[in-house]
Amino acid sequence: MLIGSLELSLRLDGCFSLKDKRRIIRSLTEKARNSFRVAIAEVDDHDLWNVATLGVACVSTDVGHAESILQGVVDLFDACADVAVEAAVKEIGAR
């Protein structure tokens with residue numbers, strides 16, 4: 001069993017309030033959950049309206065599959081016009 005984790009640091013250019021931030025983050029996290037079957041949550045910067053840090057986790061039996069899942073999540077967030085991916089730190093390890 002392999003566990004893949006991803007820490008995404010995001011800059012939210014289109015946000016001017018926490019309500020805007022929550023709307024964008026909620027929409028993208030639901031898309032990621034439904035498309036890639038990952039666990040995803042906001043893990044830092046809860047009270048800042050223009051940045052977000054998300055944690056993503058997946059379980060797989062193949063390193064390539066786990067890598068493609070995590071890269072798909074990065075690509076999903078990167079494709080959003082209101083979001084800029086500042087950093088994406090991936091780790092894949094055996095359990």
# chains A, B, ... in the order shown; residues from 1 in each chain; ligands from 1
>>> residues_around(residues="A:Ser27", least_positions_apart="6", cutoff="12 Å", atoms="only C-alpha atoms", output="list in words")
Asp20, Lys21, Arg33, Asn34, Leu76, Phe77, Cys80, Asp82 and Val83 of chain A
>>> write_last_selection(atoms="C-alpha atoms", output="short mmCIF file (atom, residue, chain, number, x, y, z; two decimals), in the first residue's frame")
data_model
loop_
_atom_site.label_atom_id
_atom_site.label_comp_id
_atom_site.auth_asym_id
_atom_site.auth_seq_id
_atom_site.Cartn_x
_atom_site.Cartn_y
_atom_site.Cartn_z
CA ASP A 20 -15.02 34.59 -1.43
CA LYS A 21 -12.21 32.32 -0.28
CA ARG A 33 -12.84 14.72 -4.25
CA ASN A 34 -15.27 13.70 -6.97
CA LEU A 76 -7.18 21.16 -11.36
CA PHE A 77 -6.24 23.98 -9.00
CA CYS A 80 -8.71 27.90 -12.01
CA ASP A 82 -8.73 32.86 -9.48
CA VAL A 83 -6.06 30.54 -8.02
#
>>> residues_around(residues="A:Leu70", least_positions_apart="3", cutoff="9 Å", atoms="only C-alpha atoms", output="PDB file with C-alpha atoms, in the first residue's frame")
ATOM      1  CA  GLY A   4       0.564   9.883  -1.430  1.00  0.00           C
ATOM      2  CA  SER A   5       0.389  13.278   0.199  1.00  0.00           C
ATOM      3  CA  LEU A   6       0.385  16.740  -1.276  1.00  0.00           C
ATOM      4  CA  PHE A  36      -9.760  11.927  -8.071  1.00  0.00           C
ATOM      5  CA  VAL A  38      -8.792  11.992  -2.598  1.00  0.00           C
ATOM      6  CA  VAL A  56      -4.367  16.146  -0.008  1.00  0.00           C
ATOM      7  CA  ALA A  57      -4.004  12.394   0.527  1.00  0.00           C
ATOM      8  CA  CYS A  58      -4.516   9.335  -1.646  1.00  0.00           C
ATOM      9  CA  HIS A  65      -0.867   5.955 -10.190  1.00  0.00           C
ATOM     10  CA  ALA A  66      -0.429   7.917  -6.950  1.00  0.00           C
ATOM     11  CA  GLU A  67       1.763  10.459  -8.765  1.00  0.00           C
ATOM     12  CA  VAL A  73      -5.209  17.674  -8.302  1.00  0.00           C
ATOM     13  CA  VAL A  74      -2.419  20.226  -8.870  1.00  0.00           C
ATOM     14  CA  ASP A  75      -3.564  20.689 -12.478  1.00  0.00           C
ATOM     15  CA  LYS A  90       4.413  15.777  -3.005  1.00  0.00           C
TER      16      LYS A  90
END
>>> residues_around(residues="A:Ile3", least_positions_apart="4", cutoff="9 Å", atoms="only C-alpha atoms", output="list in words")
Ala57, Cys58, Val59, Ser60, Thr61, Val63, Ala66, Glu91, Ile92, Gly93, Ala94 and Arg95 of chain A
>>> write_last_selection(atoms="all heavy atoms", output="PDB file, in the first residue's frame")
ATOM      1  N   ALA A  57      -4.528  13.742   0.327  1.00  0.00           N
ATOM      2  CA  ALA A  57      -4.004  12.394   0.527  1.00  0.00           C
ATOM      3  C   ALA A  57      -4.719  11.408  -0.384  1.00  0.00           C
ATOM      4  O   ALA A  57      -5.905  11.543  -0.668  1.00  0.00           O
ATOM      5  CB  ALA A  57      -4.183  11.965   1.984  1.00  0.00           C
ATOM      6  N   CYS A  58      -3.944  10.416  -0.845  1.00  0.00           N
ATOM      7  CA  CYS A  58      -4.516   9.335  -1.646  1.00  0.00           C
ATOM      8  C   CYS A  58      -3.826   8.032  -1.274  1.00  0.00           C
ATOM      9  O   CYS A  58      -2.720   8.022  -0.737  1.00  0.00           O
ATOM     10  CB  CYS A  58      -4.381   9.617  -3.142  1.00  0.00           C
ATOM     11  SG  CYS A  58      -2.706   9.520  -3.783  1.00  0.00           S
ATOM     12  N   VAL A  59      -4.491   6.923  -1.564  1.00  0.00           N
ATOM     13  CA  VAL A  59      -3.941   5.594  -1.325  1.00  0.00           C
ATOM     14  C   VAL A  59      -3.959   4.846  -2.647  1.00  0.00           C
ATOM     15  O   VAL A  59      -4.936   4.907  -3.401  1.00  0.00           O
ATOM     16  CB  VAL A  59      -4.783   4.829  -0.270  1.00  0.00           C
ATOM     17  CG1 VAL A  59      -4.262   3.420  -0.093  1.00  0.00           C
ATOM     18  CG2 VAL A  59      -4.791   5.577   1.042  1.00  0.00           C
ATOM     19  N   SER A  60      -2.849   4.161  -2.944  1.00  0.00           N
ATOM     20  CA  SER A  60      -2.737   3.433  -4.199  1.00  0.00           C
ATOM     21  C   SER A  60      -1.827   2.233  -4.008  1.00  0.00           C
ATOM     22  O   SER A  60      -1.178   2.079  -2.966  1.00  0.00           O
ATOM     23  CB  SER A  60      -2.175   4.363  -5.282  1.00  0.00           C
ATOM     24  OG  SER A  60      -2.089   3.684  -6.516  1.00  0.00           O
ATOM     25  N   THR A  61      -1.752   1.408  -5.033  1.00  0.00           N
ATOM     26  CA  THR A  61      -0.832   0.275  -5.010  1.00  0.00           C
ATOM     27  C   THR A  61       0.344   0.491  -5.947  1.00  0.00           C
ATOM     28  O   THR A  61       1.238  -0.341  -6.008  1.00  0.00           O
ATOM     29  CB  THR A  61      -1.557  -1.016  -5.427  1.00  0.00           C
ATOM     30  OG1 THR A  61      -2.118  -0.828  -6.739  1.00  0.00           O
ATOM     31  CG2 THR A  61      -2.649  -1.365  -4.438  1.00  0.00           C
ATOM     32  N   VAL A  63       3.153   3.531  -7.578  1.00  0.00           N
ATOM     33  CA  VAL A  63       3.723   4.870  -7.452  1.00  0.00           C
ATOM     34  C   VAL A  63       3.267   5.773  -8.598  1.00  0.00           C
ATOM     35  O   VAL A  63       2.900   6.928  -8.387  1.00  0.00           O
ATOM     36  CB  VAL A  63       5.272   4.794  -7.405  1.00  0.00           C
ATOM     37  CG1 VAL A  63       5.884   6.187  -7.446  1.00  0.00           C
ATOM     38  CG2 VAL A  63       5.734   4.054  -6.177  1.00  0.00           C
ATOM     39  N   ALA A  66      -0.354   6.907  -8.004  1.00  0.00           N
ATOM     40  CA  ALA A  66      -0.429   7.917  -6.950  1.00  0.00           C
ATOM     41  C   ALA A  66       0.096   9.259  -7.457  1.00  0.00           C
ATOM     42  O   ALA A  66      -0.496  10.308  -7.194  1.00  0.00           O
ATOM     43  CB  ALA A  66       0.353   7.469  -5.717  1.00  0.00           C
ATOM     44  N   GLU A  91       4.720  13.852  -1.612  1.00  0.00           N
ATOM     45  CA  GLU A  91       5.449  12.759  -0.982  1.00  0.00           C
ATOM     46  C   GLU A  91       4.658  11.479  -1.205  1.00  0.00           C
ATOM     47  O   GLU A  91       3.443  11.453  -1.001  1.00  0.00           O
ATOM     48  CB  GLU A  91       5.621  12.985   0.509  1.00  0.00           C
ATOM     49  CG  GLU A  91       6.544  14.132   0.875  1.00  0.00           C
ATOM     50  CD  GLU A  91       6.723  14.277   2.378  1.00  0.00           C
ATOM     51  OE1 GLU A  91       6.541  13.271   3.089  1.00  0.00           O
ATOM     52  OE2 GLU A  91       7.019  15.385   2.809  1.00  0.00           O
ATOM     53  N   ILE A  92       5.358  10.446  -1.632  1.00  0.00           N
ATOM     54  CA  ILE A  92       4.722   9.140  -1.827  1.00  0.00           C
ATOM     55  C   ILE A  92       5.586   8.124  -1.099  1.00  0.00           C
ATOM     56  O   ILE A  92       6.799   8.043  -1.336  1.00  0.00           O
ATOM     57  CB  ILE A  92       4.598   8.792  -3.316  1.00  0.00           C
ATOM     58  CG1 ILE A  92       3.728   9.829  -4.030  1.00  0.00           C
ATOM     59  CG2 ILE A  92       4.020   7.380  -3.489  1.00  0.00           C
ATOM     60  CD1 ILE A  92       3.662   9.689  -5.525  1.00  0.00           C
ATOM     61  N   GLY A  93       4.960   7.371  -0.202  1.00  0.00           N
ATOM     62  CA  GLY A  93       5.724   6.396   0.571  1.00  0.00           C
ATOM     63  C   GLY A  93       4.935   5.141   0.840  1.00  0.00           C
ATOM     64  O   GLY A  93       3.711   5.130   0.812  1.00  0.00           O
ATOM     65  N   ALA A  94       5.664   4.079   1.091  1.00  0.00           N
ATOM     66  CA  ALA A  94       5.048   2.790   1.394  1.00  0.00           C
ATOM     67  C   ALA A  94       4.667   2.727   2.864  1.00  0.00           C
ATOM     68  O   ALA A  94       5.302   3.325   3.714  1.00  0.00           O
ATOM     69  CB  ALA A  94       6.005   1.666   1.068  1.00  0.00           C
ATOM     70  N   ARG A  95       3.667   2.006   3.137  1.00  0.00           N
ATOM     71  CA  ARG A  95       3.203   1.803   4.515  1.00  0.00           C
ATOM     72  C   ARG A  95       3.468   0.382   4.874  1.00  0.00           C
ATOM     73  O   ARG A  95       3.237  -0.532   4.192  1.00  0.00           O
ATOM     74  CB  ARG A  95       1.719   2.138   4.598  1.00  0.00           C
ATOM     75  CG  ARG A  95       1.053   1.669   5.829  1.00  0.00           C
ATOM     76  CD  ARG A  95       0.837   2.815   6.796  1.00  0.00           C
ATOM     77  NE  ARG A  95      -0.120   2.427   7.791  1.00  0.00           N
ATOM     78  CZ  ARG A  95       0.251   1.939   8.973  1.00  0.00           C
ATOM     79  NH1 ARG A  95       1.493   1.820   9.295  1.00  0.00           N
ATOM     80  NH2 ARG A  95      -0.662   1.600   9.851  1.00  0.00           N
TER      81      ARG A  95
END
>>> residues_around(residues="A:Asp44", least_positions_apart="2", cutoff="12 Å", atoms="only C-alpha atoms", output="list in words")
Glu7, Leu8, Ser9, Leu10, Ala41, Glu42, His46, Asp47, Leu48, Trp49, Val51, Ala52, Thr53, Leu54 and Gly55 of chain A
>>> atom_distance(atom1="atom CA of A:Val85", atom2="atom CA of A:Arg11")
6.5 Å
